[in-house]
Amino acid sequence: MSSIDRSQEVGVTRSYEIRTYGCQMNVHDSERLAGLLEDAGYVRAPEGSDGDADVVVFNTCAVRENADNRLYGNLGHLAPKKAKRPGMQIAVGGCLAQKDRDTIVKKAPWVDVVFGTHNIGKLPVLLERARVQEEAQVEIAESLEAFPSTLPTRRESAYAAWVSISVGCNNTCTFCIVPALRGKEKDRRPGDILAEVEALVGEGVSEITLLGQNVNAYGSDIGDREAFSKLLRACRDIEGLERVRFTSPHPRDFTDDVIAAMAETPNVMPQLHMPLQSGSDSVLKAMRRSYRQERYLGIIEKVRAAIPHAAITTDIIVGFPGETEEDFEQTLHVVREARFAQAFTFQYSKRPGTPAAEMENQVPKEVVQARYERLVALQEEISWEENKKQVGRTLELMVAEGEGRKDGATHRLSGRAPDNRLVHFTKPEQEVRPGDVVTVEVTYAAPHHLLAEGPVLDVRRTRAGDAWEKRTAAEAAKPAGVMLGLPKIGVPEPLPAAAGSGCGCD
């Protein structure tokens, strides 16, 4: 049966699978892609399909040196499957698609659709056009066609959600290709953002994460320097919204009014993820980062003064071109001074198309590796010491789904504290659902998690838990679905995945 005949067969429902690579923005875009496909009549493929879906979509990232090798390897794996299954389609979108365009179809002629970061809303149309015309469709828009938040969405969590407040980036960091692929910053209207948040809360969501490439630069496009702090304060008035987070801010745009808004708005959580990248002023200058060590540590000091229990996390790049041992020691100095709860560390790798890739004095791989190991060892020590300070504290946790890989064996559940620390706690006798809130006492600390081994002190059933229960029951009535190939995610959290899925470019 031909692909046209199969797709037109009465009663045939086509399945889809989305594989996502990269930062939180890509994760959020994949929720939109899933919503678009389901709106067009597709259903998610059963769990473990591994390329057996009727449509496989790759949402790509371009910030890593080997991103294209990874993509073409995966496409090569699907080629024989597609040859045996008339009607199967493969689509490639995201940052690598925006960058490479026609190259993808030349290297992998079995790909049906290539689309960019600015026109994700066109995916169903391009798939249909490729099916009818029986030839690859490559469509890359140079500017945003529709703000992603206006598109249908299939969110991965019933109780926590990303809310995009801007797209694009106005910075020119020498190691980052994101501005070239996602364009200049474009802000949403505050009323549209708050309307989306209110709608989500109405559906049962109790935690939202405000998302932007440089989230606290929000307002530059609409001419209001205090727009972001006003947005945080406005979240206070949304009944039922218990937790507000944001990612990722840029030190250049971090102002005192944002710190005040964080401290004075009860549902803004005491947690901050702020990329450092390097502690060396000379390296920061070469990176074209518009702040220096003193400025960064000054922000940390102000945040801790205003929010004493805040957990601060960061991103750091090791081995940027020209980095000397003295430069690296400056990074270690900032890590010691800032005492991050956690740091997501990246070994510098050339991003094709960036100025840094052409710089002289590329640091030898073995030197980068040695520095990386020293940094990780120092941060592990600090993370453990900071977590030990949590022992004895009584915390309210939002129960998470799928964040404790050993929970089944240990008879525990997992949740996130207000400061976003991961806590594994003893499973209580009464039913506890993802999205519900429990009160526990911390009894043990490890570098990357806390334990509450005693009995749960209180369980609060929530509308978010109700929403999870309703959604789970609805999913059980349909064929089992699959995750979108995302980094492991329960509650959407404002931290890049530890496996290096964050761009490291904020």
# chains A, B, ... in the order shown; residues from 1 in each chain; ligands from 1
$ residues_around --residues "region 336-344 of chain A" --least-positions-apart "6" --cutoff "6 Å" --atoms "only C-alpha atoms" --output "list in words"
Ala311, Ile312, Thr313, Thr314, Asp315 and Ser383 of chain A
$ residues_around --residues "Leu181 (chain A)" --least-positions-apart "6" --cutoff "10 Å" --atoms "only C-alpha atoms" --output "PyMOL selection string"
chain A and resi 62+94-99+116-118+142-143+168-169
$ closest_atom_pairs --of "region 156-175 of chain A" --to "region 275-295 of chain A" --cutoff "7 Å" --atoms "only C-alpha atoms" --output "JSON lines"
{"residue": "A:Thr172", "atom": "CA", "partner": "A:Arg288", "partner_atom": "CA", "distance": 6.7}
{"residue": "A:Cys173", "atom": "CA", "partner": "A:Arg288", "partner_atom": "CA", "distance": 5.0}
{"residue": "A:Thr174", "atom": "CA", "partner": "A:Met287", "partner_atom": "CA", "distance": 5.1}
{"residue": "A:Phe175", "atom": "CA", "partner": "A:Met287", "partner_atom": "CA", "distance": 6.5}
$ residues_around --residues "region 202-210 of chain A" --least-positions-apart "4" --cutoff "9 Å" --atoms "only C-alpha atoms" --output "ChimeraX atom specification"
/A:157-165,197-198,215,240-248,435,462-468,491-494
$ residues_around --residues "Arg189 (chain A)" --least-positions-apart "3" --cutoff "12 Å" --atoms "only C-alpha atoms" --output "MDAnalysis selection string"
chainID A and resid 147 149 164:166 186 192:196 218:224 227:228 231
$ atom_distance --atom1 "CA of Glu326 (chain A)" --atom2 "CA of Leu378 (chain A)"
16.5 Å
$ residues_around --residues "Ala409 (chain A)" --least-positions-apart "5" --cutoff "12 Å" --atoms "only C-alpha atoms" --output "list in words"
Gly404, Thr426 and Lys427 of chain A
$ select_by_dssp --residues "region 88-177 of chain A" --states "alpha helix (DSSP H)" --output "tab-separated table (two decimals) with all heavy atoms, in the first residue's frame"
chain	number	residue	atom	x	y	z
A	95	CYS	N	17.15	23.97	16.26
A	95	CYS	CA	18.28	24.85	15.94
A	95	CYS	C	19.18	24.31	14.84
A	95	CYS	O	19.66	25.06	13.99
A	95	CYS	CB	19.08	25.12	17.21
A	95	CYS	SG	18.22	26.15	18.42
A	96	LEU	N	19.45	23.00	14.84
A	96	LEU	CA	20.31	22.44	13.80
A	96	LEU	C	19.64	22.53	12.44
A	96	LEU	O	20.28	22.79	11.42
A	96	LEU	CB	20.68	20.99	14.12
A	96	LEU	CG	21.82	20.41	13.29
A	96	LEU	CD1	23.13	21.15	13.56
A	96	LEU	CD2	22.01	18.92	13.59
A	97	ALA	N	18.33	22.33	12.42
A	97	ALA	CA	17.59	22.47	11.17
A	97	ALA	C	17.64	23.92	10.68
A	97	ALA	O	17.79	24.18	9.48
A	97	ALA	CB	16.14	22.03	11.36
A	98	GLN	N	17.52	24.87	11.61
A	98	GLN	CA	17.59	26.28	11.23
A	98	GLN	C	18.96	26.60	10.64
A	98	GLN	O	19.07	27.38	9.70
A	98	GLN	CB	17.33	27.15	12.47
A	98	GLN	CG	17.23	28.65	12.20
A	98	GLN	CD	15.88	29.07	11.65
A	98	GLN	OE1	14.89	28.36	11.82
A	98	GLN	NE2	15.82	30.21	10.99
A	99	LYS	N	20.00	25.97	11.18
A	99	LYS	CA	21.36	26.26	10.74
A	99	LYS	C	21.72	25.55	9.43
A	99	LYS	O	22.30	26.14	8.53
A	99	LYS	CB	22.37	25.83	11.83
A	99	LYS	CG	23.82	26.13	11.51
A	99	LYS	CD	24.73	25.87	12.70
A	99	LYS	CE	25.01	24.40	12.88
A	99	LYS	NZ	25.98	23.89	11.88
A	100	ASP	N	21.38	24.26	9.32
A	100	ASP	CA	21.88	23.47	8.20
A	100	ASP	C	20.93	23.41	7.00
A	100	ASP	O	21.35	23.08	5.89
A	100	ASP	CB	22.18	22.04	8.67
A	100	ASP	CG	23.45	21.97	9.49
A	100	ASP	OD1	24.12	23.01	9.63
A	100	ASP	OD2	23.79	20.88	9.98
A	102	ASP	N	19.15	22.92	3.85
A	102	ASP	CA	19.16	21.92	2.78
A	102	ASP	C	20.18	20.81	3.00
A	102	ASP	O	20.06	19.74	2.40
A	102	ASP	CB	19.43	22.59	1.43
A	102	ASP	CG	18.33	23.57	1.05
A	102	ASP	OD1	17.17	23.30	1.40
A	102	ASP	OD2	18.63	24.59	0.40
A	103	THR	N	21.18	21.05	3.83
A	103	THR	CA	22.21	20.03	4.06
A	103	THR	C	21.61	18.75	4.61
A	103	THR	O	22.07	17.64	4.29
A	103	THR	CB	23.28	20.57	5.04
A	103	THR	OG1	23.79	21.80	4.53
A	103	THR	CG2	24.40	19.57	5.23
A	104	ILE	N	20.59	18.86	5.44
A	104	ILE	CA	20.00	17.68	6.07
A	104	ILE	C	19.43	16.74	5.02
A	104	ILE	O	19.66	15.53	5.04
A	104	ILE	CB	18.92	18.11	7.09
A	104	ILE	CG1	19.58	18.83	8.26
A	104	ILE	CG2	18.13	16.90	7.59
A	104	ILE	CD1	18.61	19.46	9.23
A	105	VAL	N	18.69	17.28	4.06
A	105	VAL	CA	18.07	16.44	3.02
A	105	VAL	C	19.13	15.86	2.09
A	105	VAL	O	19.00	14.74	1.60
A	105	VAL	CB	17.02	17.24	2.24
A	105	VAL	CG1	16.48	16.43	1.07
A	105	VAL	CG2	15.88	17.65	3.17
A	106	LYS	N	20.22	16.61	1.88
A	106	LYS	CA	21.30	16.09	1.03
A	106	LYS	C	21.98	14.91	1.69
A	106	LYS	O	22.31	13.91	1.05
A	106	LYS	CB	22.30	17.20	0.72
A	106	LYS	CG	21.78	18.28	-0.21
A	106	LYS	CD	22.82	19.37	-0.41
A	106	LYS	CE	22.27	20.49	-1.31
A	106	LYS	NZ	23.26	21.59	-1.47
A	107	LYS	N	22.23	15.02	3.00
A	107	LYS	CA	22.92	13.94	3.71
A	107	LYS	C	21.98	12.79	4.07
A	107	LYS	O	22.41	11.65	4.21
A	107	LYS	CB	23.57	14.49	4.99
A	107	LYS	CG	24.77	15.39	4.74
A	107	LYS	CD	25.46	15.73	6.05
A	107	LYS	CE	26.74	16.54	5.83
A	107	LYS	NZ	27.44	16.83	7.11
A	123	LEU	N	4.44	22.39	11.07
A	123	LEU	CA	4.79	20.97	10.94
A	123	LEU	C	3.67	20.11	10.35
A	123	LEU	O	3.92	19.36	9.40
A	123	LEU	CB	5.24	20.42	12.30
A	123	LEU	CG	5.55	18.91	12.32
A	123	LEU	CD1	6.66	18.57	11.33
A	123	LEU	CD2	5.92	18.45	13.72
A	124	PRO	N	2.43	20.15	10.87
A	124	PRO	CA	1.40	19.28	10.29
A	124	PRO	C	1.16	19.55	8.80
A	124	PRO	O	0.98	18.62	8.02
A	124	PRO	CB	0.14	19.61	11.12
A	124	PRO	CG	0.69	20.12	12.42
A	124	PRO	CD	1.92	20.89	12.04
A	125	VAL	N	1.19	20.82	8.41
A	125	VAL	CA	0.99	21.18	7.00
A	125	VAL	C	2.12	20.63	6.14
A	125	VAL	O	1.89	20.09	5.05
A	125	VAL	CB	0.88	22.71	6.85
A	125	VAL	CG1	0.87	23.11	5.37
A	125	VAL	CG2	-0.37	23.23	7.55
A	126	LEU	N	3.35	20.77	6.63
A	126	LEU	CA	4.50	20.30	5.86
A	126	LEU	C	4.50	18.77	5.74
A	126	LEU	O	4.86	18.22	4.69
A	126	LEU	CB	5.80	20.78	6.52
A	126	LEU	CG	6.04	22.29	6.50
A	126	LEU	CD1	7.24	22.65	7.35
A	126	LEU	CD2	6.22	22.79	5.08
A	127	LEU	N	4.08	18.08	6.77
A	127	LEU	CA	3.97	16.62	6.69
A	127	LEU	C	2.95	16.21	5.64
A	127	LEU	O	3.19	15.29	4.84
A	127	LEU	CB	3.58	16.05	8.06
A	127	LEU	CG	4.66	16.05	9.14
A	127	LEU	CD1	4.05	15.70	10.51
A	127	LEU	CD2	5.77	15.06	8.81
A	128	GLU	N	1.81	16.88	5.63
A	128	GLU	CA	0.77	16.55	4.65
A	128	GLU	C	1.23	16.89	3.24
A	128	GLU	O	1.00	16.13	2.29
A	128	GLU	CB	-0.51	17.31	5.01
A	128	GLU	CG	-1.67	17.08	4.04
A	128	GLU	CD	-2.18	15.64	4.04
A	128	GLU	OE1	-1.75	14.85	4.91
A	128	GLU	OE2	-3.01	15.31	3.17
A	129	ARG	N	1.91	18.02	3.10
A	129	ARG	CA	2.40	18.40	1.77
A	129	ARG	C	3.44	17.40	1.26
A	129	ARG	O	3.43	17.03	0.08
A	129	ARG	CB	3.00	19.81	1.83
A	129	ARG	CG	3.29	20.43	0.46
A	129	ARG	CD	4.02	21.74	0.61
A	129	ARG	NE	3.26	22.71	1.38
A	129	ARG	CZ	3.79	23.82	1.89
A	129	ARG	NH1	5.10	24.06	1.76
A	129	ARG	NH2	3.03	24.66	2.56
A	130	ALA	N	4.32	16.96	2.16
A	130	ALA	CA	5.32	15.97	1.76
A	130	ALA	C	4.66	14.65	1.36
A	130	ALA	O	5.10	13.97	0.43
A	130	ALA	CB	6.30	15.73	2.91
A	131	ARG	N	3.58	14.29	2.05
A	131	ARG	CA	2.87	13.05	1.73
A	131	ARG	C	2.21	13.14	0.36
A	131	ARG	O	2.32	12.23	-0.47
A	131	ARG	CB	1.81	12.77	2.81
A	131	ARG	CG	1.02	11.49	2.58
A	131	ARG	CD	-0.14	11.40	3.55
A	131	ARG	NE	-1.15	12.41	3.30
A	131	ARG	CZ	-2.05	12.33	2.32
A	131	ARG	NH1	-2.05	11.31	1.50
A	131	ARG	NH2	-2.95	13.29	2.18
A	132	VAL	N	1.54	14.26	0.11
A	132	VAL	CA	0.81	14.42	-1.15
A	132	VAL	C	1.76	14.57	-2.33
A	132	VAL	O	1.58	13.95	-3.38
A	132	VAL	CB	-0.15	15.63	-1.05
A	132	VAL	CG1	-0.76	15.93	-2.42
A	132	VAL	CG2	-1.24	15.37	-0.02
A	133	GLN	N	2.79	15.39	-2.16
A	133	GLN	CA	3.71	15.66	-3.27
A	133	GLN	C	4.80	14.60	-3.40
A	133	GLN	O	5.53	14.57	-4.39
A	133	GLN	CB	4.34	17.05	-3.09
A	133	GLN	CG	3.32	18.19	-3.14
A	133	GLN	CD	3.96	19.57	-3.01
A	133	GLN	OE1	5.18	19.70	-2.98
A	133	GLN	NE2	3.11	20.60	-2.94
$ atom_distance --atom1 "CA of Ala305 (chain A)" --atom2 "CA of Val376 (chain A)"
26.8 Å
$ closest_residue --among "A:Ile259, A:Leu413, A:Val367, A:Ala446" --to "Glu381 (chain A)" --atoms "only C-alpha atoms"
A:Ala446
$ atom_distance --atom1 "CA of Thr20 (chain A)" --atom2 "CA of Val92 (chain A)"
10.4 Å
$ select_by_dssp --residues "region 249-461 of chain A" --states "strand (DSSP E or B)" --output "CSV table (one decimal) with N, CA and C atoms, in the first residue's frame"
chain,number,residue,atom,x,y,z
A,268,VAL,N,6.9,33.3,44.8
A,268,VAL,CA,8.2,33.2,44.0
A,268,VAL,C,9.2,32.5,44.9
A,271,GLN,N,14.9,30.5,45.1
A,271,GLN,CA,15.9,29.7,44.3
A,271,GLN,C,16.2,30.5,43.1
A,272,LEU,N,17.5,30.4,42.7
A,272,LEU,CA,18.0,31.2,41.6
A,272,LEU,C,19.0,30.4,40.8
A,273,HIS,N,18.8,30.3,39.5
A,273,HIS,CA,19.8,29.7,38.6
A,273,HIS,C,20.3,30.8,37.7
A,277,GLN,N,29.5,31.1,33.9
A,277,GLN,CA,30.4,30.7,32.7
A,277,GLN,C,31.8,30.8,33.0
A,311,ALA,N,18.6,28.9,47.4
A,311,ALA,CA,19.6,28.0,46.8
A,311,ALA,C,20.0,28.6,45.4
A,312,ILE,N,21.2,28.8,45.2
A,312,ILE,CA,21.7,29.4,44.0
A,312,ILE,C,22.5,28.4,43.2
A,313,THR,N,22.2,28.2,41.9
A,313,THR,CA,22.8,27.3,41.0
A,313,THR,C,23.4,28.0,39.8
A,314,THR,N,24.2,27.4,39.0
A,314,THR,CA,24.9,28.1,38.0
A,314,THR,C,25.3,27.2,36.8
A,315,ASP,N,25.8,27.8,35.7
A,315,ASP,CA,26.4,27.1,34.7
A,315,ASP,C,27.9,27.6,34.6
A,316,ILE,N,28.8,26.7,34.3
A,316,ILE,CA,30.2,27.1,34.1
A,316,ILE,C,30.8,26.4,32.9
A,317,ILE,N,31.6,27.1,32.1
A,317,ILE,CA,32.3,26.5,31.0
A,317,ILE,C,33.8,26.5,31.4
A,318,VAL,N,34.4,25.3,31.2
A,318,VAL,CA,35.8,25.1,31.5
A,318,VAL,C,36.6,25.0,30.2
A,342,GLN,N,24.4,23.9,43.5
A,342,GLN,CA,24.8,23.0,42.4
A,342,GLN,C,25.3,23.8,41.3
A,343,ALA,N,26.3,23.2,40.5
A,343,ALA,CA,26.8,23.9,39.3
A,343,ALA,C,26.8,22.9,38.2
A,344,PHE,N,26.3,23.3,37.0
A,344,PHE,CA,26.2,22.5,35.8
A,344,PHE,C,27.5,22.9,35.0
A,345,THR,N,28.4,22.0,34.9
A,345,THR,CA,29.7,22.3,34.4
A,345,THR,C,29.8,21.7,33.0
A,346,PHE,N,30.4,22.4,32.1
A,346,PHE,CA,30.6,22.0,30.7
A,346,PHE,C,32.0,22.2,30.3
A,347,GLN,N,32.6,21.2,29.6
A,347,GLN,CA,33.9,21.3,29.0
A,347,GLN,C,33.6,22.1,27.7
A,394,THR,N,12.4,21.5,58.5
A,394,THR,CA,11.1,21.0,58.1
A,394,THR,C,10.7,21.7,56.8
A,395,LEU,N,10.4,20.9,55.8
A,395,LEU,CA,10.2,21.5,54.4
A,395,LEU,C,8.8,21.0,53.9
A,396,GLU,N,8.2,21.9,53.1
A,396,GLU,CA,7.1,21.5,52.3
A,396,GLU,C,7.5,21.1,50.9
A,397,LEU,N,7.2,19.9,50.5
A,397,LEU,CA,7.6,19.4,49.2
A,397,LEU,C,6.4,19.2,48.3
A,398,MET,N,6.6,19.6,47.0
A,398,MET,CA,5.6,19.3,46.0
A,398,MET,C,6.0,17.9,45.5
A,399,VAL,N,5.1,17.0,45.6
A,399,VAL,CA,5.4,15.6,45.2
A,399,VAL,C,5.6,15.6,43.7
A,412,ARG,N,10.1,4.8,48.8
A,412,ARG,CA,10.0,6.2,49.0
A,412,ARG,C,9.3,6.9,47.9
A,413,LEU,N,9.0,8.2,48.1
A,413,LEU,CA,8.5,9.1,47.0
A,413,LEU,C,9.5,10.2,46.9
A,414,SER,N,9.4,11.1,45.9
A,414,SER,CA,10.3,12.2,45.8
A,414,SER,C,9.5,13.5,45.6
A,415,GLY,N,10.1,14.6,46.0
A,415,GLY,CA,9.5,15.9,45.8
A,415,GLY,C,10.5,17.0,45.8
A,416,ARG,N,10.1,18.1,45.4
A,416,ARG,CA,10.9,19.3,45.3
A,416,ARG,C,10.6,20.3,46.5
A,422,LEU,N,16.0,18.4,45.6
A,422,LEU,CA,15.3,17.1,45.4
A,422,LEU,C,15.4,16.4,46.8
A,423,VAL,N,14.2,16.0,47.3
A,423,VAL,CA,14.1,15.3,48.5
A,423,VAL,C,13.4,14.0,48.3
A,424,HIS,N,14.0,12.9,48.8
A,424,HIS,CA,13.3,11.6,48.8
A,424,HIS,C,12.8,11.3,50.2
A,425,PHE,N,11.5,11.0,50.3
A,425,PHE,CA,10.8,10.8,51.6
A,425,PHE,C,10.1,9.5,51.7
A,426,THR,N,9.9,9.1,53.0
A,426,THR,CA,9.2,7.8,53.3
A,426,THR,C,7.8,7.9,52.8
A,437,VAL,N,1.1,18.1,48.2
A,437,VAL,CA,2.2,18.8,49.0
A,437,VAL,C,2.3,18.0,50.4
A,438,VAL,N,3.5,17.6,50.7
A,438,VAL,CA,3.8,16.9,52.0
A,438,VAL,C,4.8,17.8,52.8
A,439,THR,N,4.7,17.6,54.1
A,439,THR,CA,5.6,18.2,55.0
A,439,THR,C,6.5,17.2,55.7
A,440,VAL,N,7.8,17.4,55.6
A,440,VAL,CA,8.7,16.4,56.1
A,440,VAL,C,9.9,17.0,56.8
A,441,GLU,N,10.6,16.2,57.6
A,441,GLU,CA,11.8,16.7,58.3
A,441,GLU,C,13.0,16.0,57.6
A,444,TYR,N,18.9,13.4,56.3
A,444,TYR,CA,20.2,13.1,55.8
A,444,TYR,C,20.5,13.9,54.5
A,445,ALA,N,21.7,14.2,54.2
A,445,ALA,CA,22.1,14.9,53.1
A,445,ALA,C,23.2,14.2,52.2
A,450,LEU,N,18.4,15.1,49.2
A,450,LEU,CA,18.2,15.0,50.6
A,450,LEU,C,17.3,13.8,50.9
A,451,LEU,N,17.3,13.3,52.2
A,451,LEU,CA,16.4,12.3,52.6
A,451,LEU,C,15.6,12.7,53.8
A,452,ALA,N,14.3,12.3,53.8
A,452,ALA,CA,13.5,12.5,55.0
A,452,ALA,C,13.0,11.1,55.3
A,458,ASP,N,2.8,15.8,57.4
A,458,ASP,CA,1.5,16.3,56.9
A,458,ASP,C,1.3,16.0,55.4
A,459,VAL,N,0.1,15.7,55.0
A,459,VAL,CA,-0.2,15.5,53.5
A,459,VAL,C,-1.3,16.5,53.2
A,460,ARG,N,-1.1,17.3,52.2
A,460,ARG,CA,-2.1,18.2,51.7
A,460,ARG,C,-2.5,17.9,50.3
$ closest_residue --among "A:Lys82, A:His448, A:Arg371, A:Lys365" --to "Trp384 (chain A)" --atoms "only C-alpha atoms"
A:His448
$ closest_residue --among "A:Ala217, A:Ala474, A:Val55, A:Val335" --to "Asn171 (chain A)" --atoms "only C-alpha atoms"
A:Ala217
$ closest_residue --among "A:Arg14, A:Arg32, A:His411, A:Lys302" --to "Arg154 (chain A)" --atoms "only C-alpha atoms"
A:Arg32
$ closest_residue --among "A:Pro86, A:His77, A:Gly408, A:Tyr72" --to "Ala108 (chain A)" --atoms "only C-alpha atoms"
A:Tyr72
$ closest_residue --among "A:Ile120, A:Ile382, A:Cys176, A:Ile299" --to "Ser30 (chain A)" --atoms "only C-alpha atoms"
A:Ile120
$ residues_around --residues "Glu226 (chain A)" --least-positions-apart "3" --cutoff "8 Å" --atoms "only C-alpha atoms" --output "JSON list (two decimals) with N, CA, C and O atoms, in the first residue's frame"
[["chain", "number", "residue", "atom", "x", "y", "z"],
["A", 219, "GLY", "N", 11.21, 42.93, 28.81],
["A", 219, "GLY", "CA", 10.84, 44.34, 28.88],
["A", 219, "GLY", "C", 11.62, 45.20, 27.93],
["A", 219, "GLY", "O", 11.19, 46.29, 27.56],
["A", 229, "SER", "N", 10.26, 42.40, 36.97],
["A", 229, "SER", "CA", 9.90, 42.43, 38.39],
["A", 229, "SER", "C", 8.40, 42.65, 38.56],
["A", 229, "SER", "O", 7.77, 42.07, 39.46],
["A", 230, "LYS", "N", 7.80, 43.45, 37.68],
["A", 230, "LYS", "CA", 6.34, 43.65, 37.74],
["A", 230, "LYS", "C", 5.61, 42.35, 37.44],
["A", 230, "LYS", "O", 4.57, 42.05, 38.05],
["A", 257, "ASP", "N", 15.40, 45.69, 41.65],
["A", 257, "ASP", "CA", 13.95, 45.55, 41.74],
["A", 257, "ASP", "C", 13.54, 44.09, 41.54],
["A", 257, "ASP", "O", 12.53, 43.65, 42.09],
["A", 258, "VAL", "N", 14.31, 43.31, 40.80],
["A", 258, "VAL", "CA", 14.02, 41.88, 40.64],
["A", 258, "VAL", "C", 14.29, 41.16, 41.96],
["A", 258, "VAL", "O", 13.49, 40.31, 42.39]]
